[in-house]
Amino acid sequence: MDASKLPIVRREVANLVEADPELSWSITEYVDLRQKNGTIVRLPYIKWRGTSCFLWRLDQILCRNPDDAQTAKMVRIAEALQAVVVGDDGERYTLRRTLFGRRRVHTIQPVAETLSLQSAS
């Protein structure tokens, strides 16, 4: 799914941050993004449990080098927004229940679109 075709808009993110007691907007950490017309848009980080780790950037939510807990939270955010979590290499992340009912991060590797066979010699 392409974020530019089905973007996550700021109002959706703002509603989510307002509804989730673990999330809040950072007032000290942000990214200034220069638009094509030269204006600067300030994009604040989203804090989770007091730590700035998520960034809404115009059509998607980003998290750099997430640990398992942050990845799990990203999946829960994606579920709330009817979105998916996709890694740098096209892998998708979901949550699966364990035998004891806990939800753990599960990685789904992308299917190769093209395979090639090369000589071993």
# chains A, B, ... in the order shown; residues from 1 in each chain; ligands from 1
>>> select_by_dssp(residues="chain A", states="strand (DSSP E)", output="ChimeraX atom specification")
/A:23-34,40-48,51-56,61-62,85-86,92-97,103-108
>>> residues_around(residues="range 24-38 of chain A", least_positions_apart="3", cutoff="9 Å", atoms="only C-alpha atoms", output="list in words")
Ala14, Val17, Glu18, Asp20, Pro21, Val41, Arg42, Leu43, Pro44, Tyr45, Ile46, Lys47, Trp48, Arg49, Gly50, Thr51, Ser52, Leu55 and Arg57 of chain A
>>> atom_distance(atom1="CA of Thr107 in chain A", atom2="CA of Val13 in chain A")
24.2 Å
>>> residues_around(residues="Gln82 in chain A", least_positions_apart="5", cutoff="12 Å", atoms="only C-alpha atoms", output="short mmCIF file (atom, residue, chain, number, x, y, z; two decimals) with N, CA and C atoms, in the first residue's frame")
data_model
loop_
_atom_site.label_atom_id
_atom_site.label_comp_id
_atom_site.auth_asym_id
_atom_site.auth_seq_id
_atom_site.Cartn_x
_atom_site.Cartn_y
_atom_site.Cartn_z
N MET A 1 0.85 -1.17 0.00
CA MET A 1 0.00 0.00 0.00
C MET A 1 0.89 1.23 0.00
N LEU A 6 -3.06 6.54 -0.15
CA LEU A 6 -3.97 6.52 1.00
C LEU A 6 -3.22 7.11 2.20
N PRO A 7 -3.03 8.43 2.20
CA PRO A 7 -2.22 9.05 3.25
C PRO A 7 -2.90 9.01 4.62
N ILE A 8 -2.07 9.02 5.64
CA ILE A 8 -2.55 9.21 6.99
C ILE A 8 -2.52 10.71 7.23
N GLU A 12 -6.43 12.61 11.55
CA GLU A 12 -6.50 11.24 12.06
C GLU A 12 -5.47 11.03 13.17
N VAL A 13 -4.27 11.53 12.94
CA VAL A 13 -3.20 11.38 13.93
C VAL A 13 -3.53 12.18 15.18
N LEU A 16 -6.06 10.37 17.20
CA LEU A 16 -5.45 9.22 17.85
C LEU A 16 -4.64 9.65 19.07
N MET A 74 3.59 0.69 17.14
CA MET A 74 3.32 1.12 15.77
C MET A 74 2.22 0.26 15.15
N VAL A 75 2.26 -1.05 15.40
CA VAL A 75 1.22 -1.93 14.85
C VAL A 75 -0.14 -1.58 15.45
N ARG A 76 -0.18 -1.31 16.75
CA ARG A 76 -1.45 -0.94 17.38
C ARG A 76 -1.96 0.40 16.83
N ILE A 77 -1.04 1.34 16.58
CA ILE A 77 -1.42 2.61 15.96
C ILE A 77 -1.97 2.35 14.55
#
>>> select_by_dssp(residues="range 2-110 of chain A", states="alpha helix (DSSP H)", output="VMD selection string")
chain A and resid 10 to 19 68 to 81
>>> atom_distance(atom1="CA of Gly90 in chain A", atom2="CA of Gln109 in chain A")
7.2 Å
>>> closest_residue(among="A:Ile40, A:Cys53, A:Val9, A:Ala69", to="Arg104 in chain A", atoms="only C-alpha atoms")
A:Ala69
>>> closest_residue(among="A:Leu81, A:Pro110, A:Gln60, A:Thr71", to="Thr94 in chain A", atoms="only C-alpha atoms")
A:Thr71
>>> atom_distance(atom1="CA of Glu91 in chain A", atom2="CA of Arg103 in chain A")
18.5 Å
>>> decode(residues="range 61-102 of chain A", atoms="N, CA and C atoms", output="PDB file, in the first residue's frame")
ATOM      1  N   ILE A  61       3.438   7.725   9.396  1.00  0.00           N
ATOM      2  CA  ILE A  61       4.074   7.862  10.707  1.00  0.00           C
ATOM      3  C   ILE A  61       5.367   7.060  10.665  1.00  0.00           C
ATOM      4  N   LEU A  62       6.452   7.695  11.086  1.00  0.00           N
ATOM      5  CA  LEU A  62       7.782   7.085  11.020  1.00  0.00           C
ATOM      6  C   LEU A  62       8.334   6.834  12.415  1.00  0.00           C
ATOM      7  N   CYS A  63       9.218   5.842  12.516  1.00  0.00           N
ATOM      8  CA  CYS A  63       9.948   5.565  13.750  1.00  0.00           C
ATOM      9  C   CYS A  63      11.302   5.004  13.342  1.00  0.00           C
ATOM     10  N   ARG A  64      12.370   5.682  13.721  1.00  0.00           N
ATOM     11  CA  ARG A  64      13.717   5.243  13.338  1.00  0.00           C
ATOM     12  C   ARG A  64      14.242   4.204  14.323  1.00  0.00           C
ATOM     13  N   ASN A  65      14.752   3.103  13.785  1.00  0.00           N
ATOM     14  CA  ASN A  65      15.368   2.036  14.573  1.00  0.00           C
ATOM     15  C   ASN A  65      14.514   1.625  15.780  1.00  0.00           C
ATOM     16  N   PRO A  66      13.265   1.242  15.545  1.00  0.00           N
ATOM     17  CA  PRO A  66      12.389   0.918  16.673  1.00  0.00           C
ATOM     18  C   PRO A  66      12.797  -0.382  17.370  1.00  0.00           C
ATOM     19  N   ASP A  67      12.598  -0.412  18.678  1.00  0.00           N
ATOM     20  CA  ASP A  67      12.775  -1.672  19.405  1.00  0.00           C
ATOM     21  C   ASP A  67      11.453  -2.447  19.303  1.00  0.00           C
ATOM     22  N   ASP A  68      11.399  -3.628  19.894  1.00  0.00           N
ATOM     23  CA  ASP A  68      10.194  -4.462  19.780  1.00  0.00           C
ATOM     24  C   ASP A  68       8.962  -3.775  20.366  1.00  0.00           C
ATOM     25  N   ALA A  69       9.125  -3.088  21.479  1.00  0.00           N
ATOM     26  CA  ALA A  69       7.984  -2.411  22.105  1.00  0.00           C
ATOM     27  C   ALA A  69       7.462  -1.292  21.207  1.00  0.00           C
ATOM     28  N   GLN A  70       8.364  -0.510  20.603  1.00  0.00           N
ATOM     29  CA  GLN A  70       7.945   0.562  19.702  1.00  0.00           C
ATOM     30  C   GLN A  70       7.288  -0.014  18.449  1.00  0.00           C
ATOM     31  N   THR A  71       7.824  -1.124  17.935  1.00  0.00           N
ATOM     32  CA  THR A  71       7.213  -1.763  16.773  1.00  0.00           C
ATOM     33  C   THR A  71       5.809  -2.239  17.112  1.00  0.00           C
ATOM     34  N   ALA A  72       5.644  -2.844  18.284  1.00  0.00           N
ATOM     35  CA  ALA A  72       4.313  -3.298  18.708  1.00  0.00           C
ATOM     36  C   ALA A  72       3.355  -2.121  18.807  1.00  0.00           C
ATOM     37  N   LYS A  73       3.813  -0.989  19.348  1.00  0.00           N
ATOM     38  CA  LYS A  73       2.956   0.197  19.450  1.00  0.00           C
ATOM     39  C   LYS A  73       2.616   0.715  18.057  1.00  0.00           C
ATOM     40  N   MET A  74       3.586   0.693  17.142  1.00  0.00           N
ATOM     41  CA  MET A  74       3.318   1.117  15.768  1.00  0.00           C
ATOM     42  C   MET A  74       2.220   0.255  15.150  1.00  0.00           C
ATOM     43  N   VAL A  75       2.258  -1.051  15.396  1.00  0.00           N
ATOM     44  CA  VAL A  75       1.222  -1.931  14.849  1.00  0.00           C
ATOM     45  C   VAL A  75      -0.138  -1.584  15.454  1.00  0.00           C
ATOM     46  N   ARG A  76      -0.183  -1.315  16.752  1.00  0.00           N
ATOM     47  CA  ARG A  76      -1.451  -0.939  17.385  1.00  0.00           C
ATOM     48  C   ARG A  76      -1.960   0.401  16.826  1.00  0.00           C
ATOM     49  N   ILE A  77      -1.044   1.339  16.580  1.00  0.00           N
ATOM     50  CA  ILE A  77      -1.422   2.613  15.955  1.00  0.00           C
ATOM     51  C   ILE A  77      -1.965   2.345  14.554  1.00  0.00           C
ATOM     52  N   ALA A  78      -1.275   1.497  13.794  1.00  0.00           N
ATOM     53  CA  ALA A  78      -1.720   1.165  12.437  1.00  0.00           C
ATOM     54  C   ALA A  78      -3.108   0.536  12.453  1.00  0.00           C
ATOM     55  N   GLU A  79      -3.345  -0.363  13.397  1.00  0.00           N
ATOM     56  CA  GLU A  79      -4.668  -0.988  13.508  1.00  0.00           C
ATOM     57  C   GLU A  79      -5.737   0.071  13.751  1.00  0.00           C
ATOM     58  N   ALA A  80      -5.452   1.031  14.617  1.00  0.00           N
ATOM     59  CA  ALA A  80      -6.417   2.089  14.928  1.00  0.00           C
ATOM     60  C   ALA A  80      -6.695   2.977  13.716  1.00  0.00           C
ATOM     61  N   LEU A  81      -5.682   3.144  12.854  1.00  0.00           N
ATOM     62  CA  LEU A  81      -5.809   3.998  11.670  1.00  0.00           C
ATOM     63  C   LEU A  81      -6.153   3.207  10.404  1.00  0.00           C
ATOM     64  N   GLN A  82      -6.388   1.912  10.553  1.00  0.00           N
ATOM     65  CA  GLN A  82      -6.632   1.025   9.415  1.00  0.00           C
ATOM     66  C   GLN A  82      -5.510   1.136   8.391  1.00  0.00           C
ATOM     67  N   ALA A  83      -4.294   1.010   8.902  1.00  0.00           N
ATOM     68  CA  ALA A  83      -3.091   1.113   8.086  1.00  0.00           C
ATOM     69  C   ALA A  83      -2.233  -0.125   8.323  1.00  0.00           C
ATOM     70  N   VAL A  84      -1.052  -0.158   7.745  1.00  0.00           N
ATOM     71  CA  VAL A  84      -0.111  -1.257   7.947  1.00  0.00           C
ATOM     72  C   VAL A  84       1.260  -0.693   8.277  1.00  0.00           C
ATOM     73  N   VAL A  85       2.069  -1.489   8.956  1.00  0.00           N
ATOM     74  CA  VAL A  85       3.439  -1.101   9.276  1.00  0.00           C
ATOM     75  C   VAL A  85       4.356  -1.828   8.293  1.00  0.00           C
ATOM     76  N   VAL A  86       5.157  -1.039   7.571  1.00  0.00           N
ATOM     77  CA  VAL A  86       6.057  -1.582   6.557  1.00  0.00           C
ATOM     78  C   VAL A  86       7.470  -1.111   6.866  1.00  0.00           C
ATOM     79  N   GLY A  87       8.413  -2.050   6.879  1.00  0.00           N
ATOM     80  CA  GLY A  87       9.815  -1.724   7.138  1.00  0.00           C
ATOM     81  C   GLY A  87      10.537  -1.236   5.899  1.00  0.00           C
ATOM     82  N   ASP A  88      11.795  -0.867   6.069  1.00  0.00           N
ATOM     83  CA  ASP A  88      12.612  -0.334   4.979  1.00  0.00           C
ATOM     84  C   ASP A  88      12.746  -1.299   3.809  1.00  0.00           C
ATOM     85  N   ASP A  89      12.728  -2.599   4.076  1.00  0.00           N
ATOM     86  CA  ASP A  89      12.922  -3.595   3.028  1.00  0.00           C
ATOM     87  C   ASP A  89      11.611  -4.211   2.561  1.00  0.00           C
ATOM     88  N   GLY A  90      10.490  -3.581   2.867  1.00  0.00           N
ATOM     89  CA  GLY A  90       9.196  -4.058   2.416  1.00  0.00           C
ATOM     90  C   GLY A  90       8.538  -5.078   3.333  1.00  0.00           C
ATOM     91  N   GLU A  91       9.213  -5.426   4.422  1.00  0.00           N
ATOM     92  CA  GLU A  91       8.605  -6.372   5.352  1.00  0.00           C
ATOM     93  C   GLU A  91       7.438  -5.704   6.072  1.00  0.00           C
ATOM     94  N   ARG A  92       6.433  -6.508   6.426  1.00  0.00           N
ATOM     95  CA  ARG A  92       5.266  -6.003   7.145  1.00  0.00           C
ATOM     96  C   ARG A  92       5.273  -6.568   8.553  1.00  0.00           C
ATOM     97  N   TYR A  93       4.743  -5.790   9.470  1.00  0.00           N
ATOM     98  CA  TYR A  93       4.706  -6.190  10.870  1.00  0.00           C
ATOM     99  C   TYR A  93       3.260  -6.302  11.330  1.00  0.00           C
ATOM    100  N   THR A  94       2.993  -7.367  12.075  1.00  0.00           N
ATOM    101  CA  THR A  94       1.680  -7.587  12.671  1.00  0.00           C
ATOM    102  C   THR A  94       1.889  -8.035  14.109  1.00  0.00           C
ATOM    103  N   LEU A  95       0.798  -8.168  14.836  1.00  0.00           N
ATOM    104  CA  LEU A  95       0.853  -8.731  16.182  1.00  0.00           C
ATOM    105  C   LEU A  95       0.133 -10.071  16.154  1.00  0.00           C
ATOM    106  N   ARG A  96       0.751 -11.078  16.741  1.00  0.00           N
ATOM    107  CA  ARG A  96       0.137 -12.395  16.845  1.00  0.00           C
ATOM    108  C   ARG A  96       0.050 -12.788  18.301  1.00  0.00           C
ATOM    109  N   ARG A  97      -0.987 -13.504  18.619  1.00  0.00           N
ATOM    110  CA  ARG A  97      -1.152 -13.988  19.994  1.00  0.00           C
ATOM    111  C   ARG A  97      -0.273 -15.218  20.221  1.00  0.00           C
ATOM    112  N   THR A  98       0.370 -15.249  21.378  1.00  0.00           N
ATOM    113  CA  THR A  98       1.165 -16.410  21.766  1.00  0.00           C
ATOM    114  C   THR A  98       0.237 -17.435  22.414  1.00  0.00           C
ATOM    115  N   LEU A  99       0.788 -18.562  22.754  1.00  0.00           N
ATOM    116  CA  LEU A  99       0.043 -19.625  23.414  1.00  0.00           C
ATOM    117  C   LEU A  99      -0.620 -19.128  24.698  1.00  0.00           C
ATOM    118  N   PHE A 100       0.026 -18.180  25.365  1.00  0.00           N
ATOM    119  CA  PHE A 100      -0.489 -17.660  26.629  1.00  0.00           C
ATOM    120  C   PHE A 100      -1.295 -16.366  26.458  1.00  0.00           C
ATOM    121  N   GLY A 101      -1.628 -16.018  25.231  1.00  0.00           N
ATOM    122  CA  GLY A 101      -2.506 -14.879  24.973  1.00  0.00           C
ATOM    123  C   GLY A 101      -1.845 -13.528  24.819  1.00  0.00           C
ATOM    124  N   ARG A 102      -0.532 -13.456  25.003  1.00  0.00           N
ATOM    125  CA  ARG A 102       0.163 -12.171  24.809  1.00  0.00           C
ATOM    126  C   ARG A 102       0.301 -11.899  23.319  1.00  0.00           C
TER     127      ARG A 102
END
